[in-house]
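Student: Just one file: coords19.pdb, with PDB, C-alpha atoms.
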```
ATOM      1  CA  MET A   1       9.112 -78.268  28.062
ATOM      2  CA  ARG A   2       5.752 -79.355  26.660
ATOM      3  CA  ILE A   3       4.487 -78.606  23.159
ATOM      4  CA  GLU A   4       0.898 -78.899  22.015
ATOM      5  CA  PHE A   5      -0.192 -78.162  18.444
ATOM      6  CA  ILE A   6      -3.377 -76.237  17.719
ATOM      7  CA  PRO A   7      -5.165 -77.299  14.507
ATOM      8  CA  VAL A   8      -5.338 -74.481  11.906
ATOM      9  CA  ASP A   9      -7.285 -74.707   8.641
ATOM     10  CA  LYS A  10      -4.577 -72.892   6.642
ATOM     11  CA  ASP A  11      -1.610 -74.715   5.040
ATOM     12  CA  ASP A  12       0.817 -71.851   5.553
ATOM     13  CA  THR A  13       0.164 -71.399   9.274
ATOM     14  CA  LEU A  14       1.325 -73.371  12.300
ATOM     15  CA  MET A  15       0.064 -72.738  15.823
ATOM     16  CA  PHE A  16       1.314 -74.372  18.978
ATOM     17  CA  ILE A  17       1.467 -73.901  22.730
ATOM     18  CA  VAL A  18       4.819 -74.205  24.508
ATOM     19  CA  GLU A  19       4.974 -74.641  28.232
ATOM     20  CA  GLY A  20       8.071 -74.313  30.388
ATOM     21  CA  ILE A  21      10.021 -71.584  28.558
ATOM     22  CA  ASP A  22      10.503 -67.921  29.409
ATOM     23  CA  ALA A  23       9.939 -64.801  27.315
ATOM     24  CA  THR A  24      13.628 -64.547  26.329
ATOM     25  CA  PHE A  25      13.631 -68.011  24.782
ATOM     26  CA  ALA A  26      10.271 -67.401  23.093
ATOM     27  CA  ASN A  27      11.611 -64.208  21.554
ATOM     28  CA  SER A  28      14.882 -65.805  20.424
ATOM     29  CA  LEU A  29      12.852 -68.492  18.629
ATOM     30  CA  ARG A  30      10.726 -65.818  16.961
ATOM     31  CA  ARG A  31      13.778 -63.857  15.869
ATOM     32  CA  ALA A  32      15.618 -66.975  14.666
ATOM     33  CA  ILE A  33      12.766 -67.909  12.334
ATOM     34  CA  MET A  34      12.334 -64.399  10.944
ATOM     35  CA  THR A  35      16.004 -63.428  10.573
ATOM     36  CA  GLU A  36      18.321 -66.455  10.677
ATOM     37  CA  VAL A  37      16.822 -68.965   8.242
ATOM     38  CA  PRO A  38      18.798 -69.055   4.954
ATOM     39  CA  VAL A  39      16.586 -68.689   1.867
ATOM     40  CA  TYR A  40      17.020 -67.730  -1.781
ATOM     41  CA  ALA A  41      16.130 -64.299  -3.154
ATOM     42  CA  CYS A  42      17.183 -62.355  -6.210
ATOM     43  CA  ASN A  43      20.016 -59.992  -5.321
ATOM     44  CA  GLU A  44      21.408 -58.682  -8.600
ATOM     45  CA  VAL A  45      19.778 -57.989 -11.959
ATOM     46  CA  VAL A  46      21.557 -57.420 -15.274
ATOM     47  CA  PHE A  47      19.391 -55.550 -17.788
ATOM     48  CA  TYR A  48      19.900 -55.993 -21.523
ATOM     49  CA  THR A  49      16.852 -54.093 -22.729
ATOM     50  CA  ASN A  50      14.152 -52.236 -20.851
ATOM     51  CA  SER A  51      11.789 -49.980 -22.757
ATOM     52  CA  SER A  52       8.968 -50.313 -20.222
ATOM     53  CA  PRO A  53       7.682 -47.279 -18.290
ATOM     54  CA  LEU A  54       9.233 -48.608 -15.063
ATOM     55  CA  TYR A  55      12.826 -47.847 -14.131
ATOM     56  CA  ASP A  56      15.416 -50.665 -13.955
ATOM     57  CA  GLU A  57      15.674 -50.115 -10.187
ATOM     58  CA  VAL A  58      11.926 -50.497  -9.677
ATOM     59  CA  ILE A  59      11.800 -53.723 -11.674
ATOM     60  CA  SER A  60      14.845 -55.241  -9.939
ATOM     61  CA  HIS A  61      13.379 -54.327  -6.551
ATOM     62  CA  ARG A  62      10.112 -56.045  -7.458
ATOM     63  CA  ILE A  63      11.898 -59.175  -8.717
ATOM     64  CA  GLY A  64      13.930 -59.233  -5.497
ATOM     65  CA  LEU A  65      10.799 -59.264  -3.342
ATOM     66  CA  VAL A  66       9.322 -62.319  -5.101
ATOM     67  CA  PRO A  67       9.719 -65.234  -2.638
ATOM     68  CA  LEU A  68      11.601 -68.224  -4.078
ATOM     69  CA  THR A  69      11.291 -71.879  -3.090
ATOM     70  CA  THR A  70      14.352 -72.969  -1.161
ATOM     71  CA  PRO A  71      15.375 -76.663  -1.130
ATOM     72  CA  GLU A  72      16.173 -78.412   2.162
ATOM     73  CA  GLY A  73      19.781 -78.155   3.300
ATOM     74  CA  THR A  74      20.384 -74.745   1.749
ATOM     75  CA  ASP A  75      23.042 -72.693   3.541
ATOM     76  CA  LYS A  76      25.126 -69.577   2.990
ATOM     77  CA  ASP A  77      27.499 -71.495   0.668
ATOM     78  CA  SER A  78      24.794 -72.815  -1.676
ATOM     79  CA  LYS A  79      25.370 -71.918  -5.311
ATOM     80  CA  MET A  80      23.968 -68.923  -7.150
ATOM     81  CA  VAL A  81      20.876 -69.507  -9.283
ATOM     82  CA  THR A  82      20.249 -67.426 -12.395
ATOM     83  CA  MET A  83      16.812 -66.569 -13.720
ATOM     84  CA  SER A  84      16.179 -65.022 -17.095
ATOM     85  CA  LEU A  85      13.217 -62.995 -18.244
ATOM     86  CA  GLU A  86      12.298 -62.001 -21.764
ATOM     87  CA  ALA A  87       9.022 -60.498 -22.900
ATOM     88  CA  GLN A  88       7.497 -58.451 -25.716
ATOM     89  CA  GLY A  89       4.615 -56.031 -25.226
ATOM     90  CA  PRO A  90       1.720 -55.502 -25.028
ATOM     91  CA  THR A  91       1.452 -57.779 -22.004
ATOM     92  CA  THR A  92       1.624 -58.028 -18.226
ATOM     93  CA  VAL A  93       4.778 -59.871 -17.193
ATOM     94  CA  TYR A  94       4.206 -62.285 -14.314
ATOM     95  CA  SER A  95       6.699 -64.090 -12.093
ATOM     96  CA  GLY A  96       5.819 -67.272 -14.002
ATOM     97  CA  SER A  97       7.858 -65.911 -16.947
ATOM     98  CA  LEU A  98      11.085 -66.096 -14.914
ATOM     99  CA  VAL A  99      13.077 -69.060 -16.254
ATOM    100  CA  SER A 100      15.258 -70.571 -13.532
ATOM    101  CA  ASP A 101      18.381 -72.659 -14.273
ATOM    102  CA  ASP A 102      17.655 -74.764 -11.160
ATOM    103  CA  PRO A 103      14.166 -76.316 -11.011
ATOM    104  CA  SER A 104      14.277 -76.497  -7.184
ATOM    105  CA  VAL A 105      14.553 -72.698  -6.933
ATOM    106  CA  GLN A 106      11.426 -71.106  -8.447
ATOM    107  CA  PRO A 107       9.039 -68.277  -7.619
ATOM    108  CA  VAL A 108       6.528 -69.652  -5.067
ATOM    109  CA  ASN A 109       3.659 -68.387  -7.175
ATOM    110  CA  ASP A 110       3.473 -67.678 -10.910
ATOM    111  CA  GLU A 111       0.951 -64.841 -10.520
ATOM    112  CA  PHE A 112       3.102 -61.994  -9.144
ATOM    113  CA  PRO A 113       2.819 -59.087 -11.598
ATOM    114  CA  LEU A 114       6.379 -57.820 -12.161
ATOM    115  CA  LEU A 115       5.739 -55.110 -14.747
ATOM    116  CA  LYS A 116       3.474 -54.148 -17.612
ATOM    117  CA  LEU A 117       4.596 -53.586 -21.204
ATOM    118  CA  GLY A 118       2.856 -51.393 -23.776
ATOM    119  CA  PRO A 119       2.810 -52.029 -27.538
ATOM    120  CA  GLY A 120       6.352 -52.220 -28.952
ATOM    121  CA  GLN A 121       8.013 -52.258 -25.536
ATOM    122  CA  SER A 122      10.254 -55.121 -24.463
ATOM    123  CA  ILE A 123      12.259 -56.407 -21.528
ATOM    124  CA  SER A 124      15.264 -58.699 -21.304
ATOM    125  CA  LEU A 125      17.193 -59.385 -18.114
ATOM    126  CA  ASN A 126      19.105 -61.902 -16.038
ATOM    127  CA  ALA A 127      18.444 -62.101 -12.299
ATOM    128  CA  GLU A 128      21.054 -63.596  -9.962
ATOM    129  CA  CYS A 129      19.645 -65.232  -6.846
ATOM    130  CA  TYR A 130      21.694 -65.718  -3.699
ATOM    131  CA  VAL A 131      21.099 -67.218  -0.266
ATOM    132  CA  GLY A 132      20.661 -64.625   2.451
ATOM    133  CA  TYR A 133      19.122 -63.896   5.833
ATOM    134  CA  GLY A 134      16.081 -61.936   6.923
ATOM    135  CA  LYS A 135      18.215 -59.721   9.151
ATOM    136  CA  ASP A 136      19.755 -58.195   5.997
ATOM    137  CA  HIS A 137      16.607 -57.575   3.939
ATOM    138  CA  VAL A 138      12.901 -58.537   3.993
ATOM    139  CA  LYS A 139      13.252 -60.350   0.689
ATOM    140  CA  TRP A 140      15.116 -63.094   2.627
ATOM    141  CA  GLN A 141      12.516 -63.222   5.384
ATOM    142  CA  PRO A 142      10.831 -66.639   5.069
ATOM    143  CA  GLY A 143       7.853 -65.975   7.309
ATOM    144  CA  LEU A 144       6.230 -64.155  10.130
ATOM    145  CA  VAL A 145       6.152 -65.301  13.746
ATOM    146  CA  GLY A 146       4.216 -63.990  16.685
ATOM    147  CA  TYR A 147       3.710 -65.218  20.197
ATOM    148  CA  LYS A 148       1.707 -64.214  23.222
ATOM    149  CA  ASN A 149       1.441 -65.373  26.797
ATOM    150  CA  TYR A 150      -1.107 -68.059  27.551
ATOM    151  CA  PRO A 151      -4.076 -66.390  29.301
ATOM    152  CA  ILE A 152      -5.541 -67.457  32.624
ATOM    153  CA  ILE A 153      -9.208 -66.482  32.888
ATOM    154  CA  ASP A 154     -10.472 -66.870  36.447
ATOM    155  CA  VAL A 155     -14.144 -66.623  37.394
ATOM    156  CA  ASP A 156     -15.165 -66.483  41.041
ATOM    157  CA  LYS A 157     -18.059 -68.931  40.823
ATOM    158  CA  GLN A 158     -19.429 -68.069  44.267
ATOM    159  CA  ARG A 159     -19.859 -64.381  43.486
ATOM    160  CA  CYS A 160     -20.760 -64.661  39.780
ATOM    161  CA  ASN A 161     -24.449 -63.908  39.206
ATOM    162  CA  LEU A 162     -24.360 -65.009  35.526
ATOM    163  CA  CYS A 163     -25.401 -61.597  34.215
ATOM    164  CA  GLY A 164     -23.693 -62.533  30.913
ATOM    165  CA  GLU A 165     -22.237 -59.063  30.402
ATOM    166  CA  CYS A 166     -18.677 -60.434  29.933
ATOM    167  CA  VAL A 167     -19.943 -62.919  27.307
ATOM    168  CA  LYS A 168     -21.637 -60.092  25.415
ATOM    169  CA  THR A 169     -18.670 -57.696  25.634
ATOM    170  CA  CYS A 170     -15.839 -60.052  24.624
ATOM    171  CA  PRO A 171     -14.762 -58.877  21.114
ATOM    172  CA  THR A 172     -13.338 -62.301  20.157
ATOM    173  CA  LYS A 173     -16.422 -64.163  21.519
ATOM    174  CA  ILE A 174     -14.509 -66.756  23.525
ATOM    175  CA  LEU A 175     -16.740 -66.809  26.601
ATOM    176  CA  GLY A 176     -19.990 -68.681  27.058
ATOM    177  CA  ILE A 177     -22.444 -69.840  29.697
ATOM    178  CA  GLU A 178     -22.705 -73.598  30.173
ATOM    179  CA  GLU A 179     -24.381 -75.476  33.017
ATOM    180  CA  GLY A 180     -24.738 -72.443  35.225
ATOM    181  CA  SER A 181     -21.193 -71.110  35.007
ATOM    182  CA  ILE A 182     -19.014 -68.961  32.761
ATOM    183  CA  VAL A 183     -16.819 -71.127  30.518
ATOM    184  CA  VAL A 184     -13.924 -70.257  28.185
ATOM    185  CA  LEU A 185     -14.508 -71.778  24.747
ATOM    186  CA  GLU A 186     -11.337 -70.949  22.782
ATOM    187  CA  ILE A 187      -8.793 -69.655  25.260
ATOM    188  CA  PHE A 188      -5.981 -69.109  22.700
ATOM    189  CA  LYS A 189      -8.066 -66.425  20.978
ATOM    190  CA  CYS A 190      -7.951 -64.162  24.058
ATOM    191  CA  THR A 191      -6.235 -60.862  23.310
ATOM    192  CA  PHE A 192      -5.883 -59.622  26.902
ATOM    193  CA  CYS A 193      -8.154 -56.672  26.111
ATOM    194  CA  LYS A 194      -9.774 -57.075  29.547
ATOM    195  CA  SER A 195     -13.154 -55.892  28.225
ATOM    196  CA  CYS A 196     -14.761 -58.679  30.282
ATOM    197  CA  GLU A 197     -13.119 -57.340  33.457
ATOM    198  CA  ASP A 198     -14.347 -53.819  32.741
ATOM    199  CA  ALA A 199     -17.890 -54.943  31.950
ATOM    200  CA  CYS A 200     -18.024 -57.021  35.125
ATOM    201  CA  LYS A 201     -16.703 -54.153  37.243
ATOM    202  CA  ARG A 202     -19.209 -51.738  35.730
ATOM    203  CA  LEU A 203     -22.192 -53.931  36.545
ATOM    204  CA  ASN A 204     -21.173 -55.672  39.738
ATOM    205  CA  GLU A 205     -18.794 -53.163  41.305
ATOM    206  CA  ASN A 206     -16.128 -55.771  41.930
ATOM    207  CA  GLU A 207     -13.876 -57.995  39.804
ATOM    208  CA  ILE A 208     -15.454 -61.406  39.570
ATOM    209  CA  ILE A 209     -13.734 -62.294  36.279
ATOM    210  CA  THR A 210      -9.974 -61.684  35.916
ATOM    211  CA  VAL A 211      -7.626 -62.152  32.972
ATOM    212  CA  ARG A 212      -3.874 -62.437  33.477
ATOM    213  CA  PRO A 213      -0.937 -63.779  31.435
ATOM    214  CA  MET A 214       1.026 -66.912  32.298
ATOM    215  CA  ASN A 215       4.737 -66.165  32.281
ATOM    216  CA  ASP A 216       6.021 -69.609  31.307
ATOM    217  CA  LYS A 217       3.473 -70.657  28.691
ATOM    218  CA  PHE A 218       3.268 -69.185  25.190
ATOM    219  CA  ILE A 219       1.052 -69.447  22.148
ATOM    220  CA  PHE A 220       3.097 -69.342  18.944
ATOM    221  CA  ARG A 221       1.861 -68.618  15.453
ATOM    222  CA  ILE A 222       4.185 -69.206  12.508
ATOM    223  CA  GLU A 223       3.165 -68.040   9.047
ATOM    224  CA  SER A 224       5.267 -69.134   6.088
ATOM    225  CA  PHE A 225       5.682 -66.950   2.995
ATOM    226  CA  GLY A 226       6.062 -70.096   0.869
ATOM    227  CA  ASN A 227       9.867 -70.388   0.675
ATOM    228  CA  MET A 228       9.638 -73.543   2.796
ATOM    229  CA  SER A 229       7.031 -75.272   4.953
ATOM    230  CA  THR A 230       6.325 -74.006   8.466
ATOM    231  CA  LYS A 231       7.741 -77.248   9.888
ATOM    232  CA  ASP A 232      11.031 -76.808   7.995
ATOM    233  CA  LEU A 233      11.174 -73.188   9.172
ATOM    234  CA  LEU A 234      10.887 -74.273  12.794
ATOM    235  CA  ASN A 235      13.440 -77.084  12.380
ATOM    236  CA  THR A 236      15.994 -74.865  10.629
ATOM    237  CA  ALA A 237      15.589 -72.086  13.190
ATOM    238  CA  LEU A 238      16.032 -74.504  16.106
ATOM    239  CA  ASN A 239      19.209 -75.855  14.476
ATOM    240  CA  VAL A 240      20.491 -72.283  14.125
ATOM    241  CA  ILE A 241      19.837 -71.576  17.831
ATOM    242  CA  GLU A 242      21.542 -74.849  18.783
ATOM    243  CA  LYS A 243      24.636 -74.015  16.707
ATOM    244  CA  LYS A 244      24.823 -70.519  18.220
ATOM    245  CA  ALA A 245      24.527 -71.915  21.751
ATOM    246  CA  GLU A 246      27.251 -74.473  21.024
ATOM    247  CA  ARG A 247      29.512 -71.738  19.705
ATOM    248  CA  LEU A 248      28.943 -69.668  22.860
ATOM    249  CA  ASP A 249      29.692 -72.699  25.019
ATOM    250  CA  GLN A 250      32.919 -73.302  23.073
ATOM    251  CA  LEU A 251      34.013 -69.676  23.485
ATOM    252  CA  LEU A 252      33.305 -69.744  27.226
ATOM    253  CA  ASN A 253      35.385 -72.899  27.660
ATOM    254  CA  GLU A 254      38.405 -71.456  25.841
TER     255      GLU A 254
ATOM    256  CA  MET B   1       1.286 -47.417  -9.804
ATOM    257  CA  ILE B   2       1.416 -51.233  -9.905
ATOM    258  CA  ILE B   3       0.413 -53.478  -7.002
ATOM    259  CA  PRO B   4       3.375 -54.016  -4.619
ATOM    260  CA  ILE B   5       4.724 -57.580  -4.352
ATOM    261  CA  ARG B   6       4.690 -57.605  -0.542
ATOM    262  CA  CYS B   7       2.832 -55.849   2.237
ATOM    263  CA  PHE B   8       4.821 -52.766   3.271
ATOM    264  CA  THR B   9       4.465 -53.499   6.985
ATOM    265  CA  CYS B  10       4.598 -57.244   7.581
ATOM    266  CA  GLY B  11       6.268 -58.451   4.373
ATOM    267  CA  LYS B  12       3.606 -61.010   3.439
ATOM    268  CA  PRO B  13       3.520 -61.593  -0.339
ATOM    269  CA  ILE B  14       0.247 -60.127  -1.644
ATOM    270  CA  GLY B  15       0.897 -59.148  -5.301
ATOM    271  CA  HIS B  16      -0.368 -62.457  -6.715
ATOM    272  CA  LEU B  17      -3.802 -61.893  -5.136
ATOM    273  CA  PHE B  18      -4.511 -58.621  -6.916
ATOM    274  CA  LYS B  19      -5.939 -60.165 -10.084
ATOM    275  CA  THR B  20      -8.569 -62.102  -8.128
ATOM    276  CA  TYR B  21      -9.250 -59.088  -5.924
ATOM    277  CA  SER B  22      -9.848 -56.659  -8.786
ATOM    278  CA  GLU B  23     -12.025 -59.142 -10.693
ATOM    279  CA  ARG B  24     -14.169 -60.045  -7.708
ATOM    280  CA  THR B  25     -14.650 -56.557  -6.249
ATOM    281  CA  ILE B  26     -16.640 -55.527  -9.336
ATOM    282  CA  SER B  27     -19.628 -57.434  -7.952
ATOM    283  CA  GLU B  28     -18.674 -58.218  -4.331
ATOM    284  CA  HIS B  29     -17.894 -56.247  -1.199
ATOM    285  CA  PRO B  30     -14.119 -55.852  -0.613
ATOM    286  CA  LYS B  31     -14.491 -57.178   2.953
ATOM    287  CA  ASP B  32     -15.724 -60.582   1.792
ATOM    288  CA  VAL B  33     -13.039 -60.825  -0.902
ATOM    289  CA  LEU B  34     -10.218 -59.909   1.522
ATOM    290  CA  ASP B  35     -11.520 -62.463   4.037
ATOM    291  CA  ASP B  36     -11.614 -65.145   1.331
ATOM    292  CA  LEU B  37      -8.069 -64.302   0.242
ATOM    293  CA  GLY B  38      -6.895 -64.975   3.801
ATOM    294  CA  LEU B  39      -5.743 -61.429   4.579
ATOM    295  CA  GLU B  40      -6.295 -61.112   8.320
ATOM    296  CA  ARG B  41      -4.078 -58.197   9.329
ATOM    297  CA  TYR B  42      -5.149 -54.667   8.540
ATOM    298  CA  CYS B  43      -1.687 -53.861   7.135
ATOM    299  CA  CYS B  44      -2.193 -56.347   4.297
ATOM    300  CA  ARG B  45      -5.820 -55.335   3.764
ATOM    301  CA  ARG B  46      -4.977 -51.664   3.269
ATOM    302  CA  MET B  47      -2.512 -52.634   0.506
ATOM    303  CA  PHE B  48      -5.557 -53.503  -1.628
ATOM    304  CA  LEU B  49      -8.045 -50.969  -0.299
ATOM    305  CA  THR B  50      -5.739 -47.986  -0.889
ATOM    306  CA  HIS B  51      -4.100 -49.121  -4.135
ATOM    307  CA  VAL B  52      -4.614 -46.989  -7.255
ATOM    308  CA  ASN B  53      -3.651 -48.872 -10.395
ATOM    309  CA  LEU B  54      -2.012 -46.122 -12.461
ATOM    310  CA  ILE B  55       0.236 -48.391 -14.528
ATOM    311  CA  ASP B  56      -2.073 -48.197 -17.553
ATOM    312  CA  GLU B  57      -1.824 -44.379 -17.563
ATOM    313  CA  VAL B  58       1.974 -44.412 -17.908
ATOM    314  CA  LEU B  59       2.097 -47.285 -20.356
ATOM    315  CA  ASP B  60       2.295 -44.876 -23.316
ATOM    316  CA  PHE B  61       5.672 -43.645 -22.120
ATOM    317  CA  SER B  62       8.966 -45.435 -21.656
ATOM    318  CA  VAL B  63      12.179 -44.668 -19.778
TER     319      VAL B  63
END
```
Would you mind writing the file out in structure tokens?

Tutor:
Amino acid sequence: MRIEFIPVDKDDTLMFIVEGIDATFANSLRRAIMTEVPVYACNEVVFYTNSSPLYDEVISHRIGLVPLTTPEGTDKDSKMVTMSLEAQGPTTVYSGSLVSDDPSVQPVNDEFPLLKLGPGQSISLNAECYVGYGKDHVKWQPGLVGYKNYPIIDVDKQRCNLCGECVKTCPTKILGIEEGSIVVLEIFKCTFCKSCEDACKRLNENEIITVRPMNDKFIFRIESFGNMSTKDLLNTALNVIEKKAERLDQLLNE
Amino acid sequence: MIIPIRCFTCGKPIGHLFKTYSERTISEHPKDVLDDLGLERYCCRRMFLTHVNLIDEVLDFSV
């Protein structure tokens, strides 16, 4: 297995190419990151006063969806964290007003609008945050992962007449003409739309350029929602897969 | 009503971007603002484009 990282200009995104795995492993890695990484999220809210126009259920749902920072080493048995919220109208209440009893578990951003209060309205509540998994509810989903096969773009140099139609048609603009031949500039941006094939066929009546997927090479893209870094997400998910595989091995040996 | 915390489809947190979005779209084109905010997928982009901020209309009432 070979891994090569692709530089991305965003902090919350990680892109890499893996060679030597099959689609089943690629998908299990994707699913492990999205559904099996333990993170904190608010699961129960106790209301003391709520005279805002929003129902208790709406407010608790919104608080639940706010992503919370999750310290390293968190697992299912990590302790509950309580957050309290108190506000007097008229104001917009942001996630920054949530006071956590554990400084390592906080909303990832203080700017999430939770509710709005009119003059004379007030809110007072306690939110209980538990560790959970993305497979149970999106609020515990720490990120988004996608993968696609690595593309192979073949150009028959002998038959290519450099009409440039494929370069013009490509919607992601990854083809170019350099030194008298068609070159691929950023291959990982290919979407397999095959517009280049169609354009070539239309003009030249045979397929000079072909695009096909590689079945053992994948381009991964991990996007973190802020609960933890993309690197930690990947590490935790790989540990989860390892533990599951060990457990299966143990059961098979029994 | 009030801007959702996350995108309905992909789950990306987007609520915290609404303040910037609504301030900037007064003078700028929504496309440029959404690009600057880093919203690439059309599921997240429609959360802003189709949102109607009715919270101020119901503020006079309480449950």

Student: Set up a box along x, y and z of the file covering all listed atoms of stretch 8-25 of chain B, add 3 Å on every one of the six sides, and write the centre and edge lengths in Å to one decimal, as AutoDock Vina command-line options.

Tutor:
```
--center_x -4.2 --center_y -57.6 --center_z -1.6 --size_x 26.9 --size_y 15.7 --size_z 24.3
```

Student: Using all atoms listed in the file, which chain B residues lie at most 7 Å away from chain A, written as a PyMOL selection string?

Tutor: chain B and resi 5-6+11-13+15-16+58-63

Student: Can you pull out every residue within 7 Å of A:Tyr150, counting only C-alpha atoms, but drop anything in the same chain fewer than 3 positions away, and send it as a PyMOL selection string?

Tutor: chain A and resi 188+213-214+217-219

Student: Find the residues around A:Ile209 up to 7 Å (only C-alpha atoms counted), leave out those fewer than 2 positions away in its own chain, and share them as a list in words.

Tutor: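 Final neighbour list, sorted by chain and number: Asp154, Val155, Asp156, Glu197, Cys200, Glu207 and Val211 of chain A.
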
Student: Which one is closest to B:Cys10: B:Arg24, B:Pro30, B:Arg45, B:Leu37? Count only C-alpha atoms.

Tutor: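 Checking each candidate against B:Cys10, we get B:Arg45 as the closest.
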
Student: Leaving out B:Met1 and any residue of its chain fewer than 6 positions from it, which residues lie within 7 Å of it when counting only C-alpha atoms, given as JSON, numbers by chain?

Tutor: {"B": [52, 53, 54, 55]}

Student: Using all atoms listed in the file, which residue out of A:Ser97, A:Ser60, A:Thr49, A:Asn126 lies closest to A:Ser84?

Tutor: A:Asn126

Student: In Å, how far is it from atom CA of A:Val167 to atom CA of A:Cys196?

Tutor: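 The value is 7.3 Å.
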
Student: As a list in words, please: the residues near B:Thr50 (cut-off 12 Å, all atoms listed in the file, same-chain neighbours under 4 positions excluded).

Tutor: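 Residues meeting the cut-off are Met1, Ile2, Ile3, Pro4, Pro30, Tyr42, Cys43, Cys44, Arg45 and Arg46 of chain B.
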
Student: Counting all atoms listed in the file, which residue out of A:Leu125, A:Ile208, A:Leu252, A:Leu234 sits closest to A:Cys166?

Tutor: A:Ile208

Student: Any chance you could build stretch 2-7 of chain B out to all heavy atoms and write it as a CSV table (one decimal), keeping the file's coordinate frame?

Tutor:
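Ended up saving to result32.csv:
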```csv
chain,number,residue,atom,x,y,z
B,2,ILE,N,1.7,-49.8,-9.7
B,2,ILE,CA,1.4,-51.2,-9.9
B,2,ILE,C,1.4,-51.9,-8.5
B,2,ILE,O,2.2,-51.5,-7.7
B,2,ILE,CB,2.4,-51.8,-10.9
B,2,ILE,CG1,2.1,-53.3,-11.2
B,2,ILE,CG2,3.9,-51.7,-10.4
B,2,ILE,CD1,2.9,-53.8,-12.4
B,3,ILE,N,0.6,-52.9,-8.4
B,3,ILE,CA,0.4,-53.5,-7.0
B,3,ILE,C,1.8,-54.0,-6.4
B,3,ILE,O,2.5,-54.7,-7.1
B,3,ILE,CB,-0.7,-54.6,-7.0
B,3,ILE,CG1,-1.0,-55.1,-5.6
B,3,ILE,CG2,-0.3,-55.8,-7.9
B,3,ILE,CD1,-1.9,-54.2,-4.8
B,4,PRO,N,2.1,-53.6,-5.2
B,4,PRO,CA,3.4,-54.0,-4.6
B,4,PRO,C,3.4,-55.5,-4.4
B,4,PRO,O,2.4,-56.2,-4.3
B,4,PRO,CB,3.4,-53.3,-3.3
B,4,PRO,CG,2.5,-52.2,-3.4
B,4,PRO,CD,1.4,-52.6,-4.3
B,5,ILE,N,4.6,-56.1,-4.5
B,5,ILE,CA,4.7,-57.6,-4.4
B,5,ILE,C,4.4,-58.0,-2.9
B,5,ILE,O,3.7,-59.0,-2.7
B,5,ILE,CB,6.2,-58.0,-4.7
B,5,ILE,CG1,6.6,-57.6,-6.1
B,5,ILE,CG2,6.3,-59.5,-4.5
B,5,ILE,CD1,6.1,-58.4,-7.2
B,6,ARG,N,4.9,-57.2,-1.9
B,6,ARG,CA,4.7,-57.6,-0.5
B,6,ARG,C,4.0,-56.5,0.2
B,6,ARG,O,4.1,-55.3,-0.2
B,6,ARG,CB,6.0,-57.9,0.1
B,6,ARG,CG,6.7,-59.2,-0.3
B,6,ARG,CD,8.0,-59.3,0.4
B,6,ARG,NE,8.8,-60.4,-0.1
B,6,ARG,CZ,9.1,-61.5,0.6
B,6,ARG,NH1,8.8,-61.6,1.9
B,6,ARG,NH2,9.8,-62.5,0.1
B,7,CYS,N,3.4,-56.8,1.4
B,7,CYS,CA,2.8,-55.8,2.2
B,7,CYS,C,4.0,-55.0,2.8
B,7,CYS,O,5.0,-55.5,3.2
B,7,CYS,CB,2.1,-56.6,3.4
B,7,CYS,SG,1.6,-55.5,4.7
```
